[in-house]
Amino acid sequence: MVRTTVACLARPPEVTKFDDPENPTLMDKVLQAAGATVVTWPHKTECCGAGYSITDASVVRRLTREILVMAQGCGRGLHRYRLPAVPAQP
């Protein structure tokens, strides 16, 4: 089982022209084509706060933690998390 997170990569749709911003499915389709079983879950489009990685890393840590906690609560499986590059924080 694989859960995907796309979040801001699908937004703003007029700029990214990437999939459906409310219910992105492109990554799901790619993983399914590779043989994965993709499961639906409530945090698929949640923000990880990467835009705050320089100004307030605590926001990134809190939002990312919420996403990962929800992923853990959804049962076993791989979580494919795609987000912009975030600098490592101490």
# chains A, B, ... in the order shown; residues from 1 in each chain; ligands from 1
call {"tool": "closest_atom_pairs", "arguments": {"of": "range 44-71 of chain A", "to": "range 11-20 of chain A", "cutoff": "12 Å", "atoms": "only C-alpha atoms", "output": "CSV"}}
result
residue,atom,partner,partner_atom,distance
A:Thr45,CA,A:Arg11,CA,9.9
A:Glu46,CA,A:Arg11,CA,11.5
A:Cys47,CA,A:Arg11,CA,10.6
call {"tool": "select_by_dssp", "arguments": {"residues": "range 19-88 of chain A", "states": "strand (DSSP E or B)", "output": "list in words"}}
result
Val38, Leu78, His79, Arg80 and Tyr81 of chain A
call {"tool": "write_last_selection", "arguments": {"atoms": "all heavy atoms", "output": "short mmCIF file (atom, residue, chain, number, x, y, z; two decimals), in the first residue's frame"}}
result
data_model
loop_
_atom_site.label_atom_id
_atom_site.label_comp_id
_atom_site.auth_asym_id
_atom_site.auth_seq_id
_atom_site.Cartn_x
_atom_site.Cartn_y
_atom_site.Cartn_z
N VAL A 38 -2.35 2.03 -4.43
CA VAL A 38 -2.44 3.37 -3.85
C VAL A 38 -3.74 3.47 -3.06
O VAL A 38 -4.80 3.10 -3.55
CB VAL A 38 -2.39 4.46 -4.95
CG1 VAL A 38 -2.53 5.84 -4.35
CG2 VAL A 38 -1.09 4.34 -5.74
N LEU A 78 3.76 2.22 2.63
CA LEU A 78 4.75 3.22 2.25
C LEU A 78 4.06 4.56 2.07
O LEU A 78 2.95 4.63 1.55
CB LEU A 78 5.40 2.80 0.92
CG LEU A 78 6.36 3.79 0.27
CD1 LEU A 78 7.62 3.93 1.13
CD2 LEU A 78 6.71 3.33 -1.12
N HIS A 79 4.73 5.61 2.50
CA HIS A 79 4.19 6.95 2.29
C HIS A 79 5.09 7.66 1.30
O HIS A 79 6.25 7.92 1.58
CB HIS A 79 4.14 7.73 3.60
CG HIS A 79 3.55 9.09 3.44
ND1 HIS A 79 2.19 9.29 3.33
CD2 HIS A 79 4.12 10.30 3.31
CE1 HIS A 79 1.96 10.58 3.17
NE2 HIS A 79 3.11 11.22 3.15
N ARG A 80 4.56 7.95 0.11
CA ARG A 80 5.33 8.67 -0.92
C ARG A 80 5.02 10.14 -0.77
O ARG A 80 3.93 10.59 -1.05
CB ARG A 80 4.93 8.16 -2.32
CG ARG A 80 5.60 8.90 -3.44
CD ARG A 80 7.11 8.67 -3.40
NE ARG A 80 7.75 9.39 -4.46
CZ ARG A 80 8.41 10.53 -4.30
NH1 ARG A 80 8.51 11.08 -3.12
NH2 ARG A 80 8.99 11.11 -5.32
N TYR A 81 6.02 10.87 -0.27
CA TYR A 81 5.84 12.28 0.06
C TYR A 81 6.61 13.12 -0.91
O TYR A 81 7.83 13.01 -1.01
CB TYR A 81 6.34 12.50 1.49
CG TYR A 81 5.98 13.82 2.09
CD1 TYR A 81 4.68 14.09 2.43
CD2 TYR A 81 6.94 14.78 2.32
CE1 TYR A 81 4.33 15.31 3.00
CE2 TYR A 81 6.61 16.00 2.88
CZ TYR A 81 5.30 16.24 3.22
OH TYR A 81 4.96 17.45 3.78
#
call {"tool": "residues_around", "arguments": {"residues": "Met27 in chain A", "least_positions_apart": "5", "cutoff": "9 Å", "atoms": "only C-alpha atoms", "output": "number ranges by chain"}}
result
A: 4-6, 32
call {"tool": "select_by_dssp", "arguments": {"residues": "range 18-63 of chain A", "states": "helix (DSSP H, G or I)", "output": "ChimeraX atom specification"}}
result
/A:26-33,50-52,57-63
call {"tool": "residues_around", "arguments": {"residues": "Thr40 in chain A", "least_positions_apart": "2", "cutoff": "9 Å", "atoms": "only C-alpha atoms", "output": "PDB file with N, CA, C and O atoms, in the first residue's frame"}}
result
ATOM      1  N   VAL A   2       0.447   2.221  -0.752  1.00  0.00           N
ATOM      2  CA  VAL A   2       1.177   3.484  -0.841  1.00  0.00           C
ATOM      3  C   VAL A   2       0.186   4.626  -0.644  1.00  0.00           C
ATOM      4  O   VAL A   2      -0.895   4.615  -1.217  1.00  0.00           O
ATOM      5  N   ARG A   3       0.568   5.588   0.188  1.00  0.00           N
ATOM      6  CA  ARG A   3      -0.194   6.829   0.332  1.00  0.00           C
ATOM      7  C   ARG A   3       0.642   7.932  -0.309  1.00  0.00           C
ATOM      8  O   ARG A   3       1.846   7.987  -0.121  1.00  0.00           O
ATOM      9  N   THR A   4      -0.010   8.820  -1.034  1.00  0.00           N
ATOM     10  CA  THR A   4       0.731   9.912  -1.668  1.00  0.00           C
ATOM     11  C   THR A   4       0.342  11.249  -1.057  1.00  0.00           C
ATOM     12  O   THR A   4      -0.760  11.420  -0.556  1.00  0.00           O
ATOM     13  N   VAL A  38      -2.347   2.031  -4.433  1.00  0.00           N
ATOM     14  CA  VAL A  38      -2.444   3.365  -3.850  1.00  0.00           C
ATOM     15  C   VAL A  38      -3.740   3.473  -3.057  1.00  0.00           C
ATOM     16  O   VAL A  38      -4.803   3.099  -3.547  1.00  0.00           O
ATOM     17  N   PRO A  42      -6.912  11.118   4.159  1.00  0.00           N
ATOM     18  CA  PRO A  42      -7.385  12.493   4.300  1.00  0.00           C
ATOM     19  C   PRO A  42      -6.350  13.605   4.145  1.00  0.00           C
ATOM     20  O   PRO A  42      -6.731  14.742   3.939  1.00  0.00           O
ATOM     21  N   HIS A  43      -5.063  13.312   4.223  1.00  0.00           N
ATOM     22  CA  HIS A  43      -4.059  14.381   4.172  1.00  0.00           C
ATOM     23  C   HIS A  43      -3.324  14.453   2.834  1.00  0.00           C
ATOM     24  O   HIS A  43      -2.243  15.005   2.742  1.00  0.00           O
ATOM     25  N   LYS A  44      -3.913  13.947   1.796  1.00  0.00           N
ATOM     26  CA  LYS A  44      -3.258  13.890   0.481  1.00  0.00           C
ATOM     27  C   LYS A  44      -2.839  15.268  -0.019  1.00  0.00           C
ATOM     28  O   LYS A  44      -1.812  15.406  -0.667  1.00  0.00           O
TER      29      LYS A  44
END
